[in-house]
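**Q** One structure follows; several queries about it will come next.
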Amino acid sequence: MISEIHNIFKIRRQQIFFLDDPNDINTVSTTVNIKLTEVTFDNVGYVTYFRSKKHATKFYGFLEEGQYGIYAWIDSQVVGHAWAKICRKCRCRVSGYMDISQNEAFIHYCNVSKSYRGKNIYPAMLAALCQKLFSKVKVQRVLIDTEINNKASLRGITKVGFKPLGEGIYIQVRGRLIYKYEHFKYSK
Ligand SMILES: CC(C)(COP(=O)(O)OP(=O)(O)OC[C@H]1O[C@@H](n2cnc3c(N)ncnc32)[C@H](O)[C@@H]1OP(=O)(O)O)[C@@H](O)C(=O)NCCC(=O)NCCS
């Protein structure tokens, strides 16, 4: 019941970060051996090692839309994922609430398998994704956000070298954005 209400009515309080210079991306070492690969139509389904089939279907859709994804692997098992939407139009809305501009990327849908958390896999994925977005996709700025009380995510984001941009409050009803308040340190 509560989760149903949560799905209908969602309040997000987000901290938003940015990177606009690839030289600011820190090198991140993981405490386990992982391999990072781009998500492709061939390997997208392997995420079901730690996520549901619904996620595999969603990620297939991300690939069809032209989003970039990174999987972290331990041996033949996917233990983490991170995705980025690139805006090619004048303005794009991502995840139903975040607006980004042309040639910006927004990182979302990040998760690390519970058994492998605390080993720097998330920041390693973010760093690899950012490198790719700057070098191959030629984005001008990468944005990422997280809920203000998501300490693990905030730690991971900071390790990569992201800088704080500001905060946002977003209210969605059945996925539709009905209220938005953003406060930025720099112009967005
Ligand atoms: C947020 C998340 C992706 C971080 O992944 P990660 O690979 O564990 O990240 P890190 O290794 O950098 O750990 C970050 C912090 O998590 C905490 N942590 C350490 N061990 C942990 C464990 N076993 N379980 C949970 N959190 C742990 C620590 O505070 C750590 O910071 P530290 O390295 O300074 O001690 C992961 O916790 C996760 O998937 N959470 C659920 C989904 C989510 O919140 N996604 C991000 C939304 S943008």
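Here's how to read the names in the structure tokens: chain A, B, ... by the order shown, residue numbers from 1 in each chain, ligand numbers from 1 in the order shown.
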Just want the 12 Å neighbourhood of segment 46-54 of chain A, counted on only C-alpha atoms, with same-chain residues fewer than 2 positions away dropped. Output as a CSV table (one decimal) with N, CA and C atoms, in the first residue's frame.
**A**
chain,number,residue,atom,x,y,z
A,39,VAL,N,27.8,-1.2,-22.1
A,39,VAL,CA,26.6,-2.1,-22.3
A,39,VAL,C,26.3,-2.1,-23.7
A,40,THR,N,26.0,-3.3,-24.3
A,40,THR,CA,25.7,-3.4,-25.7
A,40,THR,C,24.4,-4.3,-25.8
A,41,PHE,N,23.9,-4.4,-27.0
A,41,PHE,CA,22.7,-5.2,-27.2
A,41,PHE,C,23.1,-6.7,-26.9
A,42,ASP,N,24.3,-7.1,-27.0
A,42,ASP,CA,24.7,-8.5,-26.8
A,42,ASP,C,24.8,-8.8,-25.3
A,43,ASN,N,25.3,-7.8,-24.5
A,43,ASN,CA,25.5,-8.2,-23.1
A,43,ASN,C,24.4,-7.6,-22.1
A,44,VAL,N,23.5,-6.8,-22.6
A,44,VAL,CA,22.6,-6.1,-21.7
A,44,VAL,C,21.8,-7.0,-20.8
A,56,ALA,N,16.4,-5.4,-17.1
A,56,ALA,CA,17.1,-5.8,-18.4
A,56,ALA,C,16.3,-5.2,-19.6
A,57,THR,N,14.9,-5.2,-19.5
A,57,THR,CA,14.1,-4.7,-20.5
A,57,THR,C,14.2,-3.2,-20.6
A,58,LYS,N,14.3,-2.5,-19.4
A,58,LYS,CA,14.4,-1.1,-19.4
A,58,LYS,C,15.7,-0.7,-20.0
A,59,PHE,N,16.8,-1.4,-19.7
A,59,PHE,CA,18.1,-1.1,-20.2
A,59,PHE,C,18.2,-1.3,-21.7
A,60,TYR,N,17.5,-2.3,-22.2
A,60,TYR,CA,17.4,-2.5,-23.6
A,60,TYR,C,16.8,-1.3,-24.3
A,61,GLY,N,15.8,-0.7,-23.7
A,61,GLY,CA,15.2,0.5,-24.1
A,61,GLY,C,16.1,1.7,-24.1
A,69,GLY,N,25.8,3.1,-21.4
A,69,GLY,CA,25.8,2.4,-20.1
A,69,GLY,C,27.1,1.7,-19.9
A,70,ILE,N,27.4,1.5,-18.6
A,70,ILE,CA,28.6,0.8,-18.2
A,70,ILE,C,28.2,-0.4,-17.2
A,71,TYR,N,28.8,-1.5,-17.5
A,71,TYR,CA,28.6,-2.6,-16.5
A,71,TYR,C,29.9,-2.9,-15.9
A,72,ALA,N,29.9,-3.2,-14.5
A,72,ALA,CA,31.0,-3.7,-13.8
A,72,ALA,C,30.9,-5.2,-13.7
A,73,TRP,N,31.9,-5.9,-14.0
A,73,TRP,CA,31.9,-7.4,-14.0
A,73,TRP,C,32.9,-7.9,-13.0
A,74,ILE,N,32.5,-9.0,-12.3
A,74,ILE,CA,33.4,-9.8,-11.6
A,74,ILE,C,33.3,-11.2,-12.2
A,75,ASP,N,34.4,-11.6,-12.8
A,75,ASP,CA,34.3,-12.8,-13.6
A,75,ASP,C,33.2,-12.7,-14.7
A,76,SER,N,32.3,-13.6,-14.7
A,76,SER,CA,31.2,-13.4,-15.8
A,76,SER,C,29.9,-12.8,-15.2
A,77,GLN,N,30.0,-12.2,-14.1
A,77,GLN,CA,28.8,-11.7,-13.5
A,77,GLN,C,28.8,-10.2,-13.4
A,78,VAL,N,27.6,-9.6,-13.8
A,78,VAL,CA,27.5,-8.2,-13.7
A,78,VAL,C,27.2,-7.8,-12.2
A,79,VAL,N,28.0,-6.9,-11.7
A,79,VAL,CA,27.8,-6.5,-10.3
A,79,VAL,C,27.5,-5.0,-10.1
A,80,GLY,N,27.4,-4.3,-11.2
A,80,GLY,CA,27.1,-2.9,-11.1
A,80,GLY,C,26.7,-2.3,-12.5
A,81,HIS,N,25.9,-1.3,-12.4
A,81,HIS,CA,25.6,-0.6,-13.7
A,81,HIS,C,25.5,0.9,-13.5
A,82,ALA,N,25.7,1.7,-14.5
A,82,ALA,CA,25.6,3.1,-14.5
A,82,ALA,C,25.2,3.6,-15.9
A,109,TYR,N,20.3,5.9,-13.0
A,109,TYR,CA,20.2,4.4,-12.9
A,109,TYR,C,21.6,3.7,-12.6
A,110,CYS,N,22.1,4.1,-11.4
A,110,CYS,CA,23.3,3.5,-11.0
A,110,CYS,C,23.0,2.5,-9.8
A,111,ASN,N,23.6,1.4,-9.8
A,111,ASN,CA,23.4,0.4,-8.7
A,111,ASN,C,24.6,-0.5,-8.7
A,112,VAL,N,24.9,-0.9,-7.4
A,112,VAL,CA,26.0,-2.0,-7.2
A,112,VAL,C,25.4,-3.1,-6.4
A,113,SER,N,25.6,-4.3,-6.8
A,113,SER,CA,25.1,-5.5,-6.0
A,113,SER,C,25.4,-5.3,-4.6
A,114,LYS,N,24.5,-5.6,-3.7
A,114,LYS,CA,24.7,-5.5,-2.2
A,114,LYS,C,25.9,-6.2,-1.7
A,115,SER,N,26.2,-7.3,-2.3
A,115,SER,CA,27.4,-8.1,-1.9
A,115,SER,C,28.7,-7.4,-2.2
A,116,TYR,N,28.7,-6.4,-3.1
A,116,TYR,CA,30.0,-5.8,-3.5
A,116,TYR,C,30.0,-4.3,-3.2
**Q** Need the shell around Gly156 of chain A: protein/DNA/RNA residues with any atom at most 9 Å away, counting only C-alpha atoms. Skip same-chain ones fewer than 6 positions apart. Format as a ChimeraX atom specification?
**A** /A:120-124,126
**Q** What's around Cys90 of chain A at 12 Å? Count only C-alpha atoms, leave out sequence neighbours fewer than 6 positions away in its own chain, and write the answer as a list in words.
**A**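 My reading of the contact set: Asp99, Ile100, Ser101, Gln102, Asn103 and Glu104 of chain A.
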**Q** I need the residues of chain A that end up classed as strand (DSSP E) by DSSP on the backbone, written out as a PyMOL selection string.
**A** chain A and resi 9-19+35-38+68-74+77-86+91-94+98-101+104-112+141-147+163-173+176-184
**Q** Can you tell me, as a PyMOL selection string, which residues in segment 10-184 of chain A count as alpha helix (DSSP H) by DSSP?
**A** chain A and resi 53-65+121-135+151-160
**Q** Please compute the atom CA of Ser95 of chain A-atom 32 (P, counted along the ligand's line) of ligand 1 distance, one decimal, in Å.
**A**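 Taking atom CA of Ser95 of chain A and atom 32 (P, counted along the ligand's line) of ligand 1, their separation equals 26.8 Å.
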**Q** Out of A:Val28, A:Leu63, A:Ile8, A:Ala152, which residue has the shortest atom-to-atom distance to Gly45 of chain A when counting only C-alpha atoms?
**A** A:Leu63
**Q** Excluding Ile11 of chain A and its own-chain neighbours fewer than 6 positions away, which residues fall within 9 Å of it when counting only C-alpha atoms? Please give them as a list in words.
**A**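 My reading of the contact set: Ile169, Tyr170, Ile171, Gln172 and Val173 of chain A.
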**Q** So, counting only C-alpha atoms and all ligand atoms, which residue among A:Lys138, A:Arg117, A:Arg176, A:Lys163 is closest to ligand 1?
**A** A:Arg117
**Q** For segment 130-134 of chain A, list every protein, DNA or RNA residue within 10 Å, evaluated using only C-alpha atoms, and leave out those in the same chain fewer than 5 positions away; present the list as a PyMOL selection string.
**A** chain A and resi 19-23+25+38+68+70+84-86+103-105+107+124-125+139-143+160
**Q** Using N, CA and C atoms, can you write the selected residues to a file as a PDB file, in the first residue's frame?
**A**
ATOM      1  N   LEU A  19      30.557  17.884 -13.676  1.00  0.00           N
ATOM      2  CA  LEU A  19      31.959  17.833 -14.098  1.00  0.00           C
ATOM      3  C   LEU A  19      31.990  18.480 -15.474  1.00  0.00           C
ATOM      4  N   ASP A  20      32.871  19.460 -15.663  1.00  0.00           N
ATOM      5  CA  ASP A  20      32.945  20.067 -16.999  1.00  0.00           C
ATOM      6  C   ASP A  20      34.361  20.019 -17.564  1.00  0.00           C
ATOM      7  N   ASP A  21      35.253  19.285 -16.877  1.00  0.00           N
ATOM      8  CA  ASP A  21      36.622  19.184 -17.364  1.00  0.00           C
ATOM      9  C   ASP A  21      37.121  17.756 -17.104  1.00  0.00           C
ATOM     10  N   PRO A  22      37.463  17.028 -18.182  1.00  0.00           N
ATOM     11  CA  PRO A  22      37.901  15.642 -17.986  1.00  0.00           C
ATOM     12  C   PRO A  22      39.142  15.533 -17.098  1.00  0.00           C
ATOM     13  N   ASN A  23      39.925  16.610 -17.013  1.00  0.00           N
ATOM     14  CA  ASN A  23      41.119  16.571 -16.150  1.00  0.00           C
ATOM     15  C   ASN A  23      40.754  16.504 -14.664  1.00  0.00           C
ATOM     16  N   ILE A  25      38.612  14.436 -13.465  1.00  0.00           N
ATOM     17  CA  ILE A  25      38.156  13.082 -13.099  1.00  0.00           C
ATOM     18  C   ILE A  25      39.279  12.372 -12.343  1.00  0.00           C
ATOM     19  N   GLU A  38      31.353  -1.392 -21.810  1.00  0.00           N
ATOM     20  CA  GLU A  38      30.172  -0.670 -22.272  1.00  0.00           C
ATOM     21  C   GLU A  38      29.005  -1.656 -22.351  1.00  0.00           C
ATOM     22  N   TYR A  68      24.186   5.690 -23.008  1.00  0.00           N
ATOM     23  CA  TYR A  68      25.436   4.964 -22.778  1.00  0.00           C
ATOM     24  C   TYR A  68      25.385   4.307 -21.413  1.00  0.00           C
ATOM     25  N   ILE A  70      27.429   1.500 -18.571  1.00  0.00           N
ATOM     26  CA  ILE A  70      28.648   0.781 -18.182  1.00  0.00           C
ATOM     27  C   ILE A  70      28.232  -0.356 -17.245  1.00  0.00           C
ATOM     28  N   ALA A  84      23.972   6.879 -18.758  1.00  0.00           N
ATOM     29  CA  ALA A  84      23.987   8.321 -19.028  1.00  0.00           C
ATOM     30  C   ALA A  84      23.143   8.619 -20.253  1.00  0.00           C
ATOM     31  N   LYS A  85      22.301   9.638 -20.084  1.00  0.00           N
ATOM     32  CA  LYS A  85      21.504  10.116 -21.225  1.00  0.00           C
ATOM     33  C   LYS A  85      22.189  11.373 -21.762  1.00  0.00           C
ATOM     34  N   ILE A  86      22.369  11.419 -23.065  1.00  0.00           N
ATOM     35  CA  ILE A  86      23.015  12.583 -23.682  1.00  0.00           C
ATOM     36  C   ILE A  86      21.941  13.410 -24.374  1.00  0.00           C
ATOM     37  N   ASN A 103      24.250  18.845 -25.591  1.00  0.00           N
ATOM     38  CA  ASN A 103      25.636  18.411 -25.336  1.00  0.00           C
ATOM     39  C   ASN A 103      25.968  18.237 -23.858  1.00  0.00           C
ATOM     40  N   GLU A 104      24.935  18.094 -23.040  1.00  0.00           N
ATOM     41  CA  GLU A 104      25.168  17.701 -21.655  1.00  0.00           C
ATOM     42  C   GLU A 104      24.714  16.246 -21.500  1.00  0.00           C
ATOM     43  N   ALA A 105      25.307  15.598 -20.507  1.00  0.00           N
ATOM     44  CA  ALA A 105      24.891  14.224 -20.196  1.00  0.00           C
ATOM     45  C   ALA A 105      24.432  14.185 -18.747  1.00  0.00           C
ATOM     46  N   ILE A 107      23.845  11.447 -15.669  1.00  0.00           N
ATOM     47  CA  ILE A 107      24.050  10.060 -15.225  1.00  0.00           C
ATOM     48  C   ILE A 107      22.919   9.664 -14.280  1.00  0.00           C
ATOM     49  N   ALA A 124      34.248   3.924  -9.645  1.00  0.00           N
ATOM     50  CA  ALA A 124      35.039   3.452 -10.798  1.00  0.00           C
ATOM     51  C   ALA A 124      34.174   3.466 -12.065  1.00  0.00           C
ATOM     52  N   MET A 125      32.902   3.063 -11.921  1.00  0.00           N
ATOM     53  CA  MET A 125      31.996   3.081 -13.088  1.00  0.00           C
ATOM     54  C   MET A 125      31.750   4.520 -13.536  1.00  0.00           C
ATOM     55  N   VAL A 139      30.742  15.411 -24.879  1.00  0.00           N
ATOM     56  CA  VAL A 139      29.810  16.261 -24.136  1.00  0.00           C
ATOM     57  C   VAL A 139      30.582  17.412 -23.496  1.00  0.00           C
ATOM     58  N   GLN A 140      29.866  18.486 -23.186  1.00  0.00           N
ATOM     59  CA  GLN A 140      30.527  19.636 -22.546  1.00  0.00           C
ATOM     60  C   GLN A 140      30.456  19.554 -21.029  1.00  0.00           C
ATOM     61  N   ARG A 141      29.417  18.882 -20.541  1.00  0.00           N
ATOM     62  CA  ARG A 141      29.266  18.816 -19.096  1.00  0.00           C
ATOM     63  C   ARG A 141      28.506  17.548 -18.736  1.00  0.00           C
ATOM     64  N   VAL A 142      28.928  16.932 -17.630  1.00  0.00           N
ATOM     65  CA  VAL A 142      28.224  15.748 -17.128  1.00  0.00           C
ATOM     66  C   VAL A 142      27.575  16.127 -15.795  1.00  0.00           C
ATOM     67  N   LEU A 143      26.302  15.815 -15.682  1.00  0.00           N
ATOM     68  CA  LEU A 143      25.556  16.089 -14.441  1.00  0.00           C
ATOM     69  C   LEU A 143      25.167  14.772 -13.793  1.00  0.00           C
ATOM     70  N   VAL A 160      34.880  10.742  -7.317  1.00  0.00           N
ATOM     71  CA  VAL A 160      35.195  10.897  -8.752  1.00  0.00           C
ATOM     72  C   VAL A 160      35.687  12.309  -9.072  1.00  0.00           C
TER      73      VAL A 160
END
**Q** In Å, rounded to a single decimal, give me how far atom CA of Ser153 of chain A is from atom 23 (N, counted along the ligand's line) of ligand 1.
**A** 12.5 Å
**Q** Expressed in Å to a single decimal, how great is the separation between atom CA of Ile144 of chain A and atom 43 (C, counted along the ligand's line) of ligand 1?
**A**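 For atom CA of Ile144 of chain A relative to atom 43 (C, counted along the ligand's line) of ligand 1, the distance reads 12.1 Å.
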**Q** Of the candidates A:Ala127, A:Val137, A:Cys92, A:Cys87, which shows the shortest atom-to-atom distance to ligand 1, using only C-alpha atoms and all ligand atoms?
**A**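 Looking at the shortest contact to ligand 1, the residue is A:Ala127.
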**Q** Under the rule that only C-alpha atoms are counted, which of A:Lys119, A:Glu65, A:Thr158, A:Gly168 is the nearest residue to Ile34 of chain A?
**A**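 Ranking A:Lys119, A:Glu65, A:Thr158, A:Gly168 by distance to Ile34 of chain A, first place goes to A:Lys119.
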**Q** Find, counting only C-alpha atoms and all ligand atoms, the residue in A:Tyr179, A:Phe62, A:Phe106, A:Phe184 that gets nearest to ligand 1.
**A**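 Ranking A:Tyr179, A:Phe62, A:Phe106, A:Phe184 by distance to ligand 1, first place goes to A:Phe106.
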